[in-house]
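**Student:** Input structure: target30.pdb, which contains PDB, C-alpha atoms.
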ATOM      1  CA  MET G   9       3.616   8.232 -34.930
ATOM      2  CA  THR G  10       4.310   6.003 -31.938
ATOM      3  CA  LYS G  11       2.278   6.879 -28.888
ATOM      4  CA  LYS G  12       4.133   7.629 -25.693
ATOM      5  CA  LEU G  13       2.810   6.093 -22.488
ATOM      6  CA  LEU G  14       3.891   6.590 -18.910
ATOM      7  CA  MET G  15       3.471   3.842 -16.371
ATOM      8  CA  ILE G  16       3.580   4.576 -12.624
ATOM      9  CA  ASP G  17       3.763   1.333 -10.654
ATOM     10  CA  ASP G  18       5.939   0.149  -7.780
ATOM     11  CA  ASP G  19       5.941  -3.547  -8.658
ATOM     12  CA  PRO G  20       8.941  -4.186 -10.949
ATOM     13  CA  ASP G  21       7.752  -7.628 -12.108
ATOM     14  CA  PHE G  22       4.318  -6.373 -13.105
ATOM     15  CA  VAL G  23       5.887  -3.407 -14.875
ATOM     16  CA  GLU G  24       8.096  -5.695 -16.954
ATOM     17  CA  GLY G  25       5.126  -7.797 -18.035
ATOM     18  CA  ILE G  26       2.968  -4.865 -19.060
ATOM     19  CA  ARG G  27       5.871  -3.091 -20.713
ATOM     20  CA  SER G  28       6.641  -6.082 -22.920
ATOM     21  CA  ILE G  29       3.002  -6.310 -24.018
ATOM     22  CA  LEU G  30       2.847  -2.621 -24.872
ATOM     23  CA  THR G  31       6.221  -2.341 -26.597
ATOM     24  CA  SER G  32       5.392  -5.326 -28.802
ATOM     25  CA  ALA G  33       2.259  -3.402 -29.848
ATOM     26  CA  ASP G  34       4.485  -0.455 -30.901
ATOM     27  CA  PHE G  35       3.958   1.821 -27.938
ATOM     28  CA  GLU G  36       6.782   3.709 -26.300
ATOM     29  CA  VAL G  37       6.633   3.108 -22.561
ATOM     30  CA  ASP G  38       8.363   5.112 -19.836
ATOM     31  CA  VAL G  39       8.252   3.828 -16.273
ATOM     32  CA  ALA G  40       8.309   5.572 -12.907
ATOM     33  CA  TYR G  41       8.544   3.312  -9.876
ATOM     34  CA  ASN G  42       7.296   5.811  -7.333
ATOM     35  CA  PRO G  43       4.647   8.539  -7.301
ATOM     36  CA  LYS G  44       7.162  11.348  -6.958
ATOM     37  CA  ASP G  45       9.186  10.385 -10.049
ATOM     38  CA  GLY G  46       5.921   9.785 -11.890
ATOM     39  CA  LEU G  47       4.568  13.242 -11.216
ATOM     40  CA  HIS G  48       7.885  14.772 -12.188
ATOM     41  CA  ALA G  49       7.880  12.884 -15.514
ATOM     42  CA  LEU G  50       4.289  13.970 -16.213
ATOM     43  CA  GLN G  51       5.164  17.595 -15.682
ATOM     44  CA  THR G  52       8.315  17.571 -17.780
ATOM     45  CA  LYS G  53       7.450  15.362 -20.776
ATOM     46  CA  PRO G  54       4.344  15.039 -22.949
ATOM     47  CA  TYR G  55       2.499  11.701 -22.834
ATOM     48  CA  ASP G  56      -0.500  10.282 -24.651
ATOM     49  CA  LEU G  57      -1.684   8.049 -21.817
ATOM     50  CA  LEU G  58      -0.961   7.333 -18.179
ATOM     51  CA  LEU G  59      -1.089   3.836 -16.693
ATOM     52  CA  LEU G  60      -1.507   4.256 -12.955
ATOM     53  CA  ASP G  61      -1.266   1.881 -10.008
ATOM     54  CA  ILE G  62      -3.144   2.729  -6.810
ATOM     55  CA  MET G  63      -1.410   1.082  -3.875
ATOM     56  CA  MET G  64       2.054   2.609  -3.779
ATOM     57  CA  GLY G  65       4.310   4.221  -1.193
ATOM     58  CA  ARG G  66       2.467   5.013   2.006
ATOM     59  CA  GLY G  67      -0.978   3.879   0.867
ATOM     60  CA  ALA G  68      -3.375   4.785  -1.923
ATOM     61  CA  GLU G  69      -0.938   7.274  -3.468
ATOM     62  CA  GLY G  70      -2.142   6.546  -7.003
ATOM     63  CA  ILE G  71      -5.385   8.260  -6.082
ATOM     64  CA  MET G  72      -3.469  11.288  -4.846
ATOM     65  CA  ILE G  73      -1.810  11.525  -8.262
ATOM     66  CA  ALA G  74      -5.138  11.217 -10.033
ATOM     67  CA  ARG G  75      -6.563  14.012  -7.884
ATOM     68  CA  LYS G  76      -3.550  16.214  -8.639
ATOM     69  CA  LEU G  77      -4.036  15.584 -12.360
ATOM     70  CA  ARG G  78      -7.619  16.706 -12.177
ATOM     71  CA  LYS G  79      -6.565  20.031 -10.706
ATOM     72  CA  ASP G  80      -3.834  20.590 -13.295
ATOM     73  CA  VAL G  81      -5.134  22.503 -16.306
ATOM     74  CA  LYS G  82      -2.720  20.881 -18.733
ATOM     75  CA  LEU G  83      -2.820  17.331 -17.410
ATOM     76  CA  ARG G  84      -6.590  17.254 -16.991
ATOM     77  CA  GLU G  85      -6.889  16.218 -20.641
ATOM     78  CA  LEU G  86      -4.542  13.255 -20.285
ATOM     79  CA  PRO G  87      -6.367   9.908 -20.464
ATOM     80  CA  VAL G  88      -5.688   7.677 -17.470
ATOM     81  CA  LEU G  89      -5.961   3.910 -17.189
ATOM     82  CA  ILE G  90      -5.905   2.816 -13.576
ATOM     83  CA  ILE G  91      -4.565  -0.716 -13.170
ATOM     84  CA  THR G  92      -4.924  -1.897  -9.617
ATOM     85  CA  GLY G  93      -4.486  -5.051  -7.622
ATOM     86  CA  MET G  94      -6.097  -3.395  -4.658
ATOM     87  CA  ARG G  95      -8.954  -5.798  -4.227
ATOM     88  CA  GLU G  96      -6.486  -8.647  -3.956
ATOM     89  CA  GLN G  97      -4.136  -6.671  -1.750
ATOM     90  CA  ILE G  98      -6.794  -5.651   0.751
ATOM     91  CA  ALA G  99      -9.234  -8.421   0.015
ATOM     92  CA  PHE G 100     -11.603  -7.767   2.867
ATOM     93  CA  LEU G 101     -12.620  -4.252   1.897
ATOM     94  CA  PHE G 102     -13.949  -4.235  -1.624
ATOM     95  CA  PRO G 103     -16.599  -6.645  -2.775
ATOM     96  CA  GLY G 104     -18.733  -5.739  -5.780
ATOM     97  CA  GLU G 105     -17.930  -4.022  -9.047
ATOM     98  CA  PRO G 106     -15.242  -1.360  -9.380
ATOM     99  CA  VAL G 107     -16.617   2.138  -9.612
ATOM    100  CA  HIS G 108     -15.777   4.336 -12.576
ATOM    101  CA  PRO G 109     -13.319   6.735 -10.949
ATOM    102  CA  ARG G 110     -13.872   9.899 -13.053
ATOM    103  CA  PHE G 111     -10.729  11.527 -11.766
ATOM    104  CA  VAL G 112      -9.947  13.168 -15.083
ATOM    105  CA  GLU G 113     -11.989  13.717 -18.254
ATOM    106  CA  ILE G 114     -11.172  10.303 -19.672
ATOM    107  CA  ASP G 115     -10.297   7.463 -17.382
ATOM    108  CA  GLU G 116     -10.963   3.781 -16.783
ATOM    109  CA  LEU G 117     -10.180   1.209 -14.162
ATOM    110  CA  VAL G 118      -9.063  -2.382 -14.724
ATOM    111  CA  GLU G 119      -7.934  -4.892 -12.173
ATOM    112  CA  LYS G 120      -4.753  -6.925 -11.995
ATOM    113  CA  PRO G 121      -4.113  -9.420 -13.450
ATOM    114  CA  VAL G 122      -4.815  -7.845 -16.830
ATOM    115  CA  GLU G 123      -5.413  -9.837 -20.006
ATOM    116  CA  PRO G 124      -3.050  -8.555 -22.729
ATOM    117  CA  LYS G 125      -5.942  -8.290 -25.202
ATOM    118  CA  LEU G 126      -8.108  -6.311 -22.795
ATOM    119  CA  LEU G 127      -5.179  -4.060 -21.920
ATOM    120  CA  LEU G 128      -4.470  -3.162 -25.555
ATOM    121  CA  GLU G 129      -8.172  -2.682 -26.206
ATOM    122  CA  LYS G 130      -8.496  -0.253 -23.296
ATOM    123  CA  VAL G 131      -5.280   1.596 -24.151
ATOM    124  CA  ASN G 132      -6.284   2.086 -27.780
ATOM    125  CA  GLY G 133      -9.827   3.013 -26.793
ATOM    126  CA  LEU G 134      -8.689   5.659 -24.330
ATOM    127  CA  ILE G 135      -6.190   7.214 -26.752
ATOM    128  CA  GLN G 136      -8.810   7.363 -29.495
ATOM    129  CA  ALA G 137     -11.373   8.876 -27.153
ATOM    130  CA  ALA G 138      -8.853  11.528 -26.110
ATOM    131  CA  GLU G 139      -8.035  12.350 -29.731
ATOM    132  CA  ALA G 140     -11.690  12.538 -30.685
ATOM    133  CA  LYS G 141     -12.261  14.881 -27.801
ATOM    134  CA  LYS G 142      -9.366  17.097 -28.862
ATOM    135  CA  ALA G 143     -10.547  17.158 -32.477
ATOM    136  CA  GLY G 144     -14.080  18.007 -31.389
ATOM    137  CA  LYS G 145     -12.966  21.106 -29.532
TER     138      LYS G 145
ATOM    139  CA  MET L  15      18.474  -4.424 -20.873
ATOM    140  CA  THR L  16      15.743  -4.555 -18.298
ATOM    141  CA  ASN L  17      15.884  -2.081 -15.504
ATOM    142  CA  THR L  18      14.270  -3.831 -12.553
ATOM    143  CA  LEU L  19      14.429  -2.570  -9.021
ATOM    144  CA  THR L  20      16.398  -4.148  -6.218
ATOM    145  CA  PHE L  21      14.567  -4.966  -2.991
ATOM    146  CA  GLY L  22      16.365  -2.065  -1.329
ATOM    147  CA  GLN L  23      14.966   0.346  -3.933
ATOM    148  CA  GLU L  24      11.484  -1.133  -3.576
ATOM    149  CA  VAL L  25      11.613  -0.458   0.153
ATOM    150  CA  GLU L  26      12.899   3.074  -0.459
ATOM    151  CA  ASN L  27       9.898   3.648  -2.719
ATOM    152  CA  LEU L  28       7.567   2.540   0.056
ATOM    153  CA  LEU L  29       8.993   5.179   2.347
ATOM    154  CA  GLN L  30       8.225   8.795   1.793
ATOM    155  CA  ALA L  31       9.739   9.389  -1.639
ATOM    156  CA  GLU L  32      11.165  12.829  -0.943
ATOM    157  CA  GLU L  33      13.491  11.510   1.758
ATOM    158  CA  GLY L  34      15.920  10.191  -0.844
ATOM    159  CA  GLU L  35      17.766   7.067   0.208
ATOM    160  CA  PRO L  36      17.652   7.137   4.016
ATOM    161  CA  LEU L  37      18.667   3.515   4.567
ATOM    162  CA  ARG L  38      21.952   4.035   2.735
ATOM    163  CA  ASN L  39      22.923   6.509   5.476
ATOM    164  CA  CYS L  40      22.806   3.833   8.180
ATOM    165  CA  ILE L  41      26.145   3.592   9.987
ATOM    166  CA  GLN L  42      25.220   0.333  11.768
ATOM    167  CA  CYS L  43      25.801   1.856  15.201
ATOM    168  CA  GLY L  44      23.119  -0.344  16.771
ATOM    169  CA  THR L  45      21.468   2.438  18.740
ATOM    170  CA  CYS L  46      18.064   1.350  17.386
ATOM    171  CA  SER L  47      18.556  -2.249  18.488
ATOM    172  CA  GLY L  48      19.891  -1.202  21.879
ATOM    173  CA  THR L  49      16.909   1.072  22.410
ATOM    174  CA  CYS L  50      14.211  -1.274  21.150
ATOM    175  CA  PRO L  51      12.075  -2.672  23.995
ATOM    176  CA  VAL L  52      11.019  -5.721  21.944
ATOM    177  CA  ALA L  53      14.335  -6.460  20.208
ATOM    178  CA  GLY L  54      14.705  -9.580  22.354
ATOM    179  CA  PHE L  55      11.652 -11.132  20.718
ATOM    180  CA  MET L  56      12.597 -10.296  17.148
ATOM    181  CA  ASP L  57      14.228 -12.697  14.675
ATOM    182  CA  TYR L  58      16.561  -9.913  13.598
ATOM    183  CA  THR L  59      17.181  -6.628  15.364
ATOM    184  CA  PRO L  60      16.323  -3.346  13.571
ATOM    185  CA  ARG L  61      20.014  -2.743  12.828
ATOM    186  CA  GLN L  62      20.338  -6.162  11.178
ATOM    187  CA  MET L  63      17.125  -5.478   9.290
ATOM    188  CA  ILE L  64      18.518  -2.321   7.703
ATOM    189  CA  ALA L  65      21.739  -4.096   6.757
ATOM    190  CA  MET L  66      19.744  -6.940   5.191
ATOM    191  CA  ILE L  67      17.592  -4.569   3.174
ATOM    192  CA  ASN L  68      20.687  -2.790   1.909
ATOM    193  CA  GLN L  69      22.014  -6.191   0.840
ATOM    194  CA  ASN L  70      18.692  -7.009  -0.896
ATOM    195  CA  MET L  71      18.061 -10.109   1.207
ATOM    196  CA  LYS L  72      14.374 -10.025   0.346
ATOM    197  CA  ASP L  73      13.334 -13.521   1.427
ATOM    198  CA  GLN L  74      15.001 -13.385   4.822
ATOM    199  CA  VAL L  75      13.577  -9.936   5.507
ATOM    200  CA  LEU L  76       9.998 -10.863   4.595
ATOM    201  CA  GLU L  77      10.125 -14.148   6.502
ATOM    202  CA  SER L  78      11.233 -12.495   9.721
ATOM    203  CA  ASN L  79       8.854 -11.377  12.453
ATOM    204  CA  THR L  80      10.777  -8.173  13.212
ATOM    205  CA  PHE L  81       8.427  -5.612  11.699
ATOM    206  CA  TRP L  82       5.330  -7.305  13.129
ATOM    207  CA  TYR L  83       6.809  -7.199  16.626
ATOM    208  CA  CYS L  84       7.559  -3.475  16.387
ATOM    209  CA  ALA L  85       5.522  -1.732  19.085
ATOM    210  CA  SER L  86       5.740   1.651  17.295
ATOM    211  CA  CYS L  87       7.211   3.381  20.329
ATOM    212  CA  TYR L  88       9.411   5.519  18.026
ATOM    213  CA  HIS L  89      12.348   5.316  20.406
ATOM    214  CA  CYS L  90      14.723   4.134  17.640
ATOM    215  CA  THR L  91      13.604   6.979  15.381
ATOM    216  CA  VAL L  92      14.166   9.556  18.108
ATOM    217  CA  ARG L  93      17.653   8.288  18.907
ATOM    218  CA  CYS L  94      18.939   7.476  15.405
ATOM    219  CA  PRO L  95      22.022   9.678  14.803
ATOM    220  CA  GLN L  96      21.434   9.488  11.029
ATOM    221  CA  GLU L  97      17.776  10.513  11.420
ATOM    222  CA  ILE L  98      16.440   7.398   9.728
ATOM    223  CA  ASN L  99      12.745   6.925  10.403
ATOM    224  CA  ILE L 100      13.001   3.282  11.464
ATOM    225  CA  THR L 101       9.420   3.011  12.690
ATOM    226  CA  GLU L 102       8.198   4.173   9.292
ATOM    227  CA  LEU L 103      10.433   1.503   7.764
ATOM    228  CA  MET L 104       8.700  -1.132   9.894
ATOM    229  CA  TYR L 105       5.314   0.127   8.729
ATOM    230  CA  ALA L 106       6.532   0.065   5.133
ATOM    231  CA  LEU L 107       7.547  -3.571   5.485
ATOM    232  CA  LYS L 108       4.162  -4.406   7.006
ATOM    233  CA  ARG L 109       2.446  -2.811   4.005
ATOM    234  CA  TYR L 110       4.725  -4.569   1.564
ATOM    235  CA  SER L 111       4.178  -7.979   3.139
ATOM    236  CA  ILE L 112       0.393  -7.542   3.302
ATOM    237  CA  TRP L 113       0.089  -6.240  -0.269
ATOM    238  CA  ASN L 114       2.180  -9.090  -1.588
ATOM    239  CA  HIS L 115       0.825 -11.738   0.788
ATOM    240  CA  ARG L 116       4.360 -12.537   1.831
ATOM    241  CA  HIS L 117       4.260 -12.398   5.624
ATOM    242  CA  LYS L 118       5.415 -15.200   7.885
ATOM    243  CA  ALA L 119       2.691 -17.703   8.777
ATOM    244  CA  GLY L 120       1.310 -17.858  12.302
ATOM    245  CA  LEU L 121       1.783 -14.206  13.207
ATOM    246  CA  VAL L 122      -0.843 -12.316  15.169
ATOM    247  CA  GLY L 123      -0.140  -8.945  13.521
ATOM    248  CA  PRO L 124      -1.674  -9.402  10.036
ATOM    249  CA  ASP L 125      -4.893 -11.011  11.320
ATOM    250  CA  PHE L 126      -5.200  -8.412  14.055
ATOM    251  CA  SER L 127      -4.780  -5.555  11.561
ATOM    252  CA  GLU L 128      -7.406  -7.039   9.274
ATOM    253  CA  ALA L 129      -9.890  -7.562  12.129
ATOM    254  CA  PHE L 130      -9.281  -4.015  13.332
ATOM    255  CA  VAL L 131      -9.797  -2.329   9.954
ATOM    256  CA  LYS L 132     -12.907  -4.387   9.242
ATOM    257  CA  MET L 133     -14.350  -3.447  12.598
ATOM    258  CA  ILE L 134     -13.721   0.274  12.159
ATOM    259  CA  VAL L 135     -15.177   0.248   8.649
ATOM    260  CA  ARG L 136     -18.328  -1.572   9.784
ATOM    261  CA  GLY L 137     -19.136   0.279  12.975
ATOM    262  CA  GLY L 138     -16.910   3.343  13.008
ATOM    263  CA  ARG L 139     -15.708   2.493  16.510
ATOM    264  CA  SER L 140     -13.353   0.066  18.188
ATOM    265  CA  PHE L 141     -15.013  -2.878  19.974
ATOM    266  CA  GLU L 142     -12.544  -5.056  21.853
ATOM    267  CA  PRO L 143     -14.350  -8.442  21.985
ATOM    268  CA  VAL L 144     -14.223  -8.622  18.168
ATOM    269  CA  LEU L 145     -10.442  -8.339  18.214
ATOM    270  CA  ALA L 146      -9.917 -11.159  20.700
ATOM    271  CA  PRO L 147     -10.309 -14.155  18.323
ATOM    272  CA  SER L 148      -7.461 -12.873  16.128
ATOM    273  CA  TYR L 149      -4.889 -13.546  18.858
ATOM    274  CA  ILE L 150      -6.446 -15.358  21.804
ATOM    275  CA  PHE L 151      -5.911 -18.885  20.452
ATOM    276  CA  SER L 152      -2.244 -18.312  19.714
ATOM    277  CA  VAL L 153      -1.126 -17.394  23.249
ATOM    278  CA  GLY L 154      -1.255 -20.890  24.732
ATOM    279  CA  MET L 155      -3.532 -22.325  27.443
ATOM    280  CA  ARG L 156      -2.071 -20.225  30.251
ATOM    281  CA  GLY L 157      -2.282 -17.047  28.212
ATOM    282  CA  PHE L 158      -5.815 -17.900  27.154
ATOM    283  CA  LEU L 159      -6.962 -18.307  30.772
ATOM    284  CA  LEU L 160      -5.210 -15.087  31.792
ATOM    285  CA  GLU L 161      -6.963 -13.223  29.004
ATOM    286  CA  ILE L 162     -10.339 -14.650  30.028
ATOM    287  CA  GLN L 163      -9.721 -13.716  33.652
ATOM    288  CA  ASN L 164      -8.685 -10.217  32.613
ATOM    289  CA  ALA L 165     -11.727  -9.776  30.409
ATOM    290  CA  THR L 166     -14.089 -11.000  33.138
ATOM    291  CA  GLU L 167     -12.670  -8.546  35.644
ATOM    292  CA  LEU L 168     -12.942  -5.690  33.147
ATOM    293  CA  LEU L 169     -16.492  -6.730  32.332
ATOM    294  CA  LEU L 170     -17.540  -6.799  35.994
ATOM    295  CA  LYS L 171     -16.095  -3.320  36.486
ATOM    296  CA  GLY L 172     -17.975  -2.089  33.422
ATOM    297  CA  ARG L 173     -14.782  -1.331  31.490
ATOM    298  CA  LEU L 174     -15.505  -3.715  28.630
ATOM    299  CA  PRO L 175     -18.542  -2.983  26.467
ATOM    300  CA  VAL L 176     -20.958  -5.831  25.781
ATOM    301  CA  ILE L 177     -22.795  -4.121  22.929
ATOM    302  CA  PRO L 178     -20.635  -2.584  20.192
ATOM    303  CA  ALA L 179     -20.820   1.209  20.062
ATOM    304  CA  ARG L 180     -21.792   2.692  16.704
ATOM    305  CA  ILE L 181     -21.106   6.170  15.482
ATOM    306  CA  LYS L 182     -23.883   8.477  14.382
ATOM    307  CA  ARG L 183     -24.498   8.718  10.634
ATOM    308  CA  LEU L 184     -22.664   5.489   9.833
ATOM    309  CA  ASP L 185     -23.934   5.610   6.235
ATOM    310  CA  ASN L 186     -22.175   8.919   5.658
ATOM    311  CA  PHE L 187     -18.970   7.455   7.002
ATOM    312  CA  LYS L 188     -19.217   4.439   4.693
ATOM    313  CA  ARG L 189     -19.985   6.638   1.707
ATOM    314  CA  MET L 190     -16.969   8.731   2.566
ATOM    315  CA  ILE L 191     -14.677   5.692   2.479
ATOM    316  CA  GLY L 192     -16.295   4.596  -0.776
ATOM    317  CA  ARG L 193     -15.534   7.976  -2.320
ATOM    318  CA  ILE L 194     -11.903   7.954  -1.272
ATOM    319  CA  ILE L 195     -11.257   4.726  -3.138
ATOM    320  CA  PRO L 196     -12.871   3.983  -6.527
ATOM    321  CA  MET L 197     -13.551   0.324  -5.825
ATOM    322  CA  GLY L 198     -16.765  -1.510  -5.010
ATOM    323  CA  GLY L 199     -18.573  -0.760  -1.774
ATOM    324  CA  LEU L 200     -17.821  -2.153   1.626
ATOM    325  CA  GLU L 201     -19.186  -5.414   2.914
TER     326      GLU L 201
END
Represent the structure contained in this file as structure tokens.
**Tutor:**
Amino acid sequence: MTKKLLMIDDDPDFVEGIRSILTSADFEVDVAYNPKDGLHALQTKPYDLLLLDIMMGRGAEGIMIARKLRKDVKLRELPVLIITGMREQIAFLFPGEPVHPRFVEIDELVEKPVEPKLLLEKVNGLIQAAEAKKAGK
Amino acid sequence: MTNTLTFGQEVENLLQAEEGEPLRNCIQCGTCSGTCPVAGFMDYTPRQMIAMINQNMKDQVLESNTFWYCASCYHCTVRCPQEINITELMYALKRYSIWNHRHKAGLVGPDFSEAFVKMIVRGGRSFEPVLAPSYIFSVGMRGFLLEIQNATELLLKGRLPVIPARIKRLDNFKRMIGRIIPMGGLE
């Protein structure tokens, strides 16, 4: 069965790139270009993975979404891959390694630009981890 | 068929999403431009800016100085008959141009913002002498001397601190920022 992914990102060019990588690897990708549409899509349709940008709208709204997910009983189980270009966008604030966010039960953080191989590796890894977790329960 | 966004839609997304499409309501009455105290210094007036965004003239919009000259007095927002939050639009364009590194070269605004945020994150408080280098060399010789004269007078009257003030429990403050955003620490 094809896995359904949702991508929330406000940069249309980046979205196109990532979408083409994922669709060629047989994933079904839905896109929301702003946090509000993204949250609406999450609440109305089932997804296997969420790809989330951080800097959107009025600031770090991706983090607001992640925090909302953690509070939601149903969406708490959804694996999240945060893809952010934040360090480049606000270069002066974040030296050092990215911190593991731990917003939901299974999440990871990668930085833009993303290598296609690494992206697919992370996506597959997260989906498998989520399935293993579900099966273990 | 790819479904990419127009520049107008990208800007709408930067504004508060629940407002719908505020810029499409603009009737081009020019009240914002007439009200704006700094419109005379802008490449394009706020009214022209909205029209350009609606026409997706991305390059011209990002290369203009309009949103960096906005003094955030909110007069346009108060007087707009269509209730468009024009000041918020200016902030949105600032964010967009900083995130995408697309702002016009030689502007004071971006450097000043960066210096200000860095300063607050490091010490927790504003300290004026640190901000000076971000603009003082771009105001010309006369402006430079005026600034120096001003600063000296303030200093003699004790209105300009010599030693930067620090907040109590600075470590807590830094940890707090670190927790808000899941990226490496602060410098």
**Student:** Each residue of chain G with at least one atom at most 8 Å from chain L should appear once, together with its nearest atom pair and the corresponding distance in Å (one decimal); atoms considered: all atoms listed in the file; ordering: chain, then increasing residue number; output as JSON lines.
**Tutor:**
{"residue": "G:Asp18", "atom": "CA", "partner": "L:Glu24", "partner_atom": "CA", "distance": 7.1}
{"residue": "G:Asp19", "atom": "CA", "partner": "L:Glu24", "partner_atom": "CA", "distance": 7.9}
{"residue": "G:Pro20", "atom": "CA", "partner": "L:Thr18", "partner_atom": "CA", "distance": 5.6}
{"residue": "G:Asp21", "atom": "CA", "partner": "L:Thr18", "partner_atom": "CA", "distance": 7.6}
{"residue": "G:Glu24", "atom": "CA", "partner": "L:Thr18", "partner_atom": "CA", "distance": 7.8}
{"residue": "G:Tyr41", "atom": "CA", "partner": "L:Asn27", "partner_atom": "CA", "distance": 7.3}
{"residue": "G:Asn42", "atom": "CA", "partner": "L:Asn27", "partner_atom": "CA", "distance": 5.7}
{"residue": "G:Pro43", "atom": "CA", "partner": "L:Ala31", "partner_atom": "CA", "distance": 7.7}
{"residue": "G:Lys44", "atom": "CA", "partner": "L:Ala31", "partner_atom": "CA", "distance": 6.2}
{"residue": "G:Met64", "atom": "CA", "partner": "L:Leu28", "partner_atom": "CA", "distance": 6.7}
{"residue": "G:Gly65", "atom": "CA", "partner": "L:Leu28", "partner_atom": "CA", "distance": 3.9}
{"residue": "G:Arg66", "atom": "CA", "partner": "L:Leu28", "partner_atom": "CA", "distance": 6.0}
{"residue": "G:Ala68", "atom": "CA", "partner": "L:Ile195", "partner_atom": "CA", "distance": 8.0}
{"residue": "G:Ile71", "atom": "CA", "partner": "L:Ile195", "partner_atom": "CA", "distance": 7.5}
{"residue": "G:Arg95", "atom": "CA", "partner": "L:Met197", "partner_atom": "CA", "distance": 7.8}
{"residue": "G:Glu96", "atom": "CA", "partner": "L:Trp113", "partner_atom": "CA", "distance": 7.9}
{"residue": "G:Gln97", "atom": "CA", "partner": "L:Trp113", "partner_atom": "CA", "distance": 4.5}
{"residue": "G:Ile98", "atom": "CA", "partner": "L:Trp113", "partner_atom": "CA", "distance": 7.0}
{"residue": "G:Phe100", "atom": "CA", "partner": "L:Lys132", "partner_atom": "CA", "distance": 7.3}
{"residue": "G:Leu101", "atom": "CA", "partner": "L:Leu200", "partner_atom": "CA", "distance": 5.6}
{"residue": "G:Phe102", "atom": "CA", "partner": "L:Gly198", "partner_atom": "CA", "distance": 5.2}
{"residue": "G:Pro103", "atom": "CA", "partner": "L:Gly198", "partner_atom": "CA", "distance": 5.6}
{"residue": "G:Gly104", "atom": "CA", "partner": "L:Gly198", "partner_atom": "CA", "distance": 4.7}
{"residue": "G:Glu105", "atom": "CA", "partner": "L:Gly198", "partner_atom": "CA", "distance": 4.9}
{"residue": "G:Pro106", "atom": "CA", "partner": "L:Met197", "partner_atom": "CA", "distance": 4.3}
{"residue": "G:Val107", "atom": "CA", "partner": "L:Pro196", "partner_atom": "CA", "distance": 5.2}
{"residue": "G:His108", "atom": "CA", "partner": "L:Pro196", "partner_atom": "CA", "distance": 6.7}
{"residue": "G:Pro109", "atom": "CA", "partner": "L:Pro196", "partner_atom": "CA", "distance": 5.2}
**Student:** Limited to C-alpha atoms, could you put the picked residues into a file as a PDB file, keeping the file's coordinate frame?
**Tutor:**
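Saved file out.pdb follows:
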ATOM      1  CA  ASP G  18       5.939   0.149  -7.780  1.00  0.00           C
ATOM      2  CA  ASP G  19       5.941  -3.547  -8.658  1.00  0.00           C
ATOM      3  CA  PRO G  20       8.941  -4.186 -10.949  1.00  0.00           C
ATOM      4  CA  ASP G  21       7.752  -7.628 -12.108  1.00  0.00           C
ATOM      5  CA  GLU G  24       8.096  -5.695 -16.954  1.00  0.00           C
ATOM      6  CA  TYR G  41       8.544   3.312  -9.876  1.00  0.00           C
ATOM      7  CA  ASN G  42       7.296   5.811  -7.333  1.00  0.00           C
ATOM      8  CA  PRO G  43       4.647   8.539  -7.301  1.00  0.00           C
ATOM      9  CA  LYS G  44       7.162  11.348  -6.958  1.00  0.00           C
ATOM     10  CA  MET G  64       2.054   2.609  -3.779  1.00  0.00           C
ATOM     11  CA  GLY G  65       4.310   4.221  -1.193  1.00  0.00           C
ATOM     12  CA  ARG G  66       2.467   5.013   2.006  1.00  0.00           C
ATOM     13  CA  ALA G  68      -3.375   4.785  -1.923  1.00  0.00           C
ATOM     14  CA  ILE G  71      -5.385   8.260  -6.082  1.00  0.00           C
ATOM     15  CA  ARG G  95      -8.954  -5.798  -4.227  1.00  0.00           C
ATOM     16  CA  GLU G  96      -6.486  -8.647  -3.956  1.00  0.00           C
ATOM     17  CA  GLN G  97      -4.136  -6.671  -1.750  1.00  0.00           C
ATOM     18  CA  ILE G  98      -6.794  -5.651   0.751  1.00  0.00           C
ATOM     19  CA  PHE G 100     -11.603  -7.767   2.867  1.00  0.00           C
ATOM     20  CA  LEU G 101     -12.620  -4.252   1.897  1.00  0.00           C
ATOM     21  CA  PHE G 102     -13.949  -4.235  -1.624  1.00  0.00           C
ATOM     22  CA  PRO G 103     -16.599  -6.645  -2.775  1.00  0.00           C
ATOM     23  CA  GLY G 104     -18.733  -5.739  -5.780  1.00  0.00           C
ATOM     24  CA  GLU G 105     -17.930  -4.022  -9.047  1.00  0.00           C
ATOM     25  CA  PRO G 106     -15.242  -1.360  -9.380  1.00  0.00           C
ATOM     26  CA  VAL G 107     -16.617   2.138  -9.612  1.00  0.00           C
ATOM     27  CA  HIS G 108     -15.777   4.336 -12.576  1.00  0.00           C
ATOM     28  CA  PRO G 109     -13.319   6.735 -10.949  1.00  0.00           C
TER      29      PRO G 109
END
**Student:** Might you spell out which residues the PyMOL selection byres ((chain L and resi 59) around 9) would select in the displayed file, as a VMD selection string?
**Tutor:** chain L and resid 44 46 to 48 50 53 to 58 60 to 64 80
**Student:** Quick check on the file I pasted: which residues fall under the PyMOL selection byres ((chain G and resi 9) around 12)? Write them as a VMD selection string.
**Tutor:** chain G and resid 10 to 12 34 to 36 56
**Student:** Given the PyMOL selection byres ((chain L and resi 100) around 8) and the file above, list the residues it selects as a VMD selection string.
**Tutor:** chain L and resid 60 88 90 to 91 98 to 99 101 to 104
**Student:** Now that the selection is made, can you save its residues with C-alpha atoms as a PDB file, in the frame of the given file?
**Tutor:**
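Written output follows (result-v1.pdb):
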ATOM      1  CA  PRO L  60      16.323  -3.346  13.571  1.00  0.00           C
ATOM      2  CA  TYR L  88       9.411   5.519  18.026  1.00  0.00           C
ATOM      3  CA  CYS L  90      14.723   4.134  17.640  1.00  0.00           C
ATOM      4  CA  THR L  91      13.604   6.979  15.381  1.00  0.00           C
ATOM      5  CA  ILE L  98      16.440   7.398   9.728  1.00  0.00           C
ATOM      6  CA  ASN L  99      12.745   6.925  10.403  1.00  0.00           C
ATOM      7  CA  THR L 101       9.420   3.011  12.690  1.00  0.00           C
ATOM      8  CA  GLU L 102       8.198   4.173   9.292  1.00  0.00           C
ATOM      9  CA  LEU L 103      10.433   1.503   7.764  1.00  0.00           C
ATOM     10  CA  MET L 104       8.700  -1.132   9.894  1.00  0.00           C
TER      11      MET L 104
END
